[in-house]
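Shown next, in structure tokens, is the structure this report addresses.
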Number of protein chains: 2
Amino acid sequence: MMQIKPLARKLGAFVALTDAELSVLDGLHKRRRTFVAGRDLVHQGQSDQAASILISGWACSYKLLEDGQRQIVDFQIPGDFLSLRSVVLHISDHSIEPVPDIEVTEVNISDLMKAFSDTPRLATAVLWAASRDEAMVVEHLINIGRREAEVRVAHFLLELGARLALVGLGSKAGYACPLTQYLMADALGLSSVHVNRVLRKFREGFVTFYNYDRLVKFADFEMTYLDQIGPLLA
Amino acid sequence: MMQIKPLARKLGAFVALTDAELSVLDGLHKRRRTFVAGRDLVHQGQSDQAASILISGWACSYKLLEDGQRQIVDFQIPGDFLSLRSVVLHISDHSIEPVPDIEVTEVNISDLMKAFSDTPRLATAVLWAASRDEAMVVEHLINIGRREAEVRVAHFLLELGARLALVGLGSKAGYACPLTQYLMADALGLSSVHVNRVLRKFREGFVTFYNYDRLVKFADFEMTYLDQIGPLLA
DNA sequence: CGCCTAGTTGAGGTAAGTCAATTCACGTGG
DNA sequence: CCACGTGAATTGACTTACCTCAACTAGGCG
């Protein structure tokens, strides 16, 4: 199956998985489902969560405020888990919306647990992936809390690029991005109008990923939190 | 030991732990150490992390930016783990600073792993605690991204209050707060001057926790992400 | 007694928001 | 094939929430 590669590829960037482990990983992918863009697949407050793995397309997890504003917490790209934390908490603290149409495969929690005890290296790899996701949320928080709009947008674009590169969907030359400016605004804590202005300024100026290094510097982009320092496992 | 209660108390709010489990938990607490306020106990980028449990005092985990600004990601209060994620990632993506003087006990990773396999309920409880911490970071992100200063400060104060209440260090009537306005500013993505003004306005107005319910409403404070919906374990 | 840190307060500046109009790309039905 | 509708991007004019700079006060402590 070519399509279930992204997770294996992402984890593989961190530990070299054996064929046996890869096949256990493959075995986790159960029912495949598709969802159309814009219609939530998980609602804030919903209990009884199942986890799934994103195969194709992007999704975003967000939370709505009383006054109708929303804040996007994170985007998920192929290879990412959806709702992993919700499984532990037994309730989803956020909603998830497919950005373009998406394909996912559901994961049986009991299968997952069994896979973890049978294949500890896999358990470690998934734990690592979850910790990396958490580190990304932290970086997102810093981005919103302390960086001004231009740097913030640049940092955001670079981080997405780095993540996509890890699953073979982009490079330093760029990547296909299905996000609207409204989505970016909700992720970055800005208004869509302002996102538009920033992007225009980038276009007029030096930025579009030609000049990757300059952009990295400008955005104060430190990817150690995405990188792994050598294999974690022996 | 009266002082190692907070963790047990926090976990106990989520699963009723047996005496046996409690004693395993107690056994995790190894060498006790103290650190003085203001001197980092962990530095951003430091590898080779050990986990510890905060016994008394508060700490904050933060990240510094190139230009010298800082963003505080979270405060830790008694009963919280320090550096749990750093253990998995094998590197700390943030620094940790004691706010007043603190006491911690170090935790041996191998002990922790053994405790998890011997006492699965304990493992689940700790996993739950970690997930709750993650949910708090998410809520913090939303707070910074989409709420204006006054609501943001109110929400922050309420969340701290709820967390402290869970370990017996506060109530709806209030709590002892060792934070300076500078610390609050760095946590909330505001300037200390502005924090000061907001607090003044609160003092002049209706707020100081007398009127808890009104404050909750004002702050759009939804504590389901802190609560647990009944015991997760049978 | 004098320093140092935290808290306060005012004046003035600016990054980013809101409101609103316009354009553009597109799909869809007549 | 064209009129129309819809969602996204764009742009301008104006407002504002929050920032910076700077001065001053009040405790705590060697």
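To be explicit about the labels: the chains of the structure tokens are called A, B, and onward in the order shown, and within each one the residues are counted from 1, while ligands get numbers from 1 in the order they are shown.
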
Please return, as JSON, numbers by chain, all residues of chain B lying within 9 Å of chain A when only C-alpha atoms are considered.
-> {"B": [45, 63, 65, 66, 69, 70, 71, 72, 73, 85, 86, 88, 89, 90, 91, 92, 93, 124, 127, 128, 131, 132, 134, 135, 137, 138, 139, 140, 141, 142, 144, 145, 146, 147, 186, 187, 188, 189, 190, 220, 224, 225, 228, 229, 232]}

Given a cut-off of 9 Å, which residues of chain D touch chain B, counting only C-alpha atoms (C1' of nucleotides), written out as a list in words?
-> DA17, DC18 and DC19 of chain D

Between chain B and chain C, at 9 Å or less, what are the per-residue closest atom pairs and their distances in Å? Count only C-alpha atoms (C1' of nucleotides), order by chain and rising residue number, and return it as JSON lines.
{"residue": "B:Thr180", "atom": "CA", "partner": "C:DA6", "partner_atom": "C1'", "distance": 7.4}
{"residue": "B:Gln181", "atom": "CA", "partner": "C:DA6", "partner_atom": "C1'", "distance": 8.1}
{"residue": "B:Tyr182", "atom": "CA", "partner": "C:DA6", "partner_atom": "C1'", "distance": 8.8}
{"residue": "B:Val193", "atom": "CA", "partner": "C:DT8", "partner_atom": "C1'", "distance": 8.7}
{"residue": "B:Asn196", "atom": "CA", "partner": "C:DT8", "partner_atom": "C1'", "distance": 7.7}
{"residue": "B:Arg197", "atom": "CA", "partner": "C:DT8", "partner_atom": "C1'", "distance": 8.6}

For the residues in the current selection, export N, CA, C and O atoms as a compact mmCIF listing (two decimals), in the first residue's frame.
# COMPACT_ATOMS: atom_id res chain seq x y z
N THR B 180 5.20 37.33 40.09
CA THR B 180 5.29 38.76 39.87
C THR B 180 4.49 39.10 38.60
O THR B 180 4.15 38.24 37.81
N GLN B 181 4.25 40.37 38.42
CA GLN B 181 3.53 40.78 37.22
C GLN B 181 4.38 40.56 35.97
O GLN B 181 3.86 40.38 34.88
N TYR B 182 5.68 40.55 36.15
CA TYR B 182 6.56 40.26 35.03
C TYR B 182 6.37 38.82 34.55
O TYR B 182 6.33 38.53 33.36
N VAL B 193 3.56 46.15 32.06
CA VAL B 193 2.78 47.37 32.26
C VAL B 193 1.30 47.11 32.03
O VAL B 193 0.45 47.53 32.82
N ASN B 196 -0.27 45.04 34.72
CA ASN B 196 -0.53 45.90 35.87
C ASN B 196 -1.85 46.66 35.72
O ASN B 196 -2.68 46.69 36.62
N ARG B 197 -2.04 47.22 34.56
CA ARG B 197 -3.27 48.00 34.33
C ARG B 197 -4.50 47.12 34.43
O ARG B 197 -5.52 47.51 35.02

Point-to-point distance from atom CA of Lys30 of chain B to atom CA of His43 of chain B, Å rounded to tenths |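 If I compute the distance from atom CA of Lys30 of chain B to atom CA of His43 of chain B, I get 22.0 Å.
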
Test item, strand (DSSP E or B) assignment across segment 35-216 of chain B, answer as a VMD selection string = chain B and resid 35 42 47 51 to 56 59 to 64 70 to 76 81 to 82 91 95 to 98 102 to 107 170 to 171 174 to 175
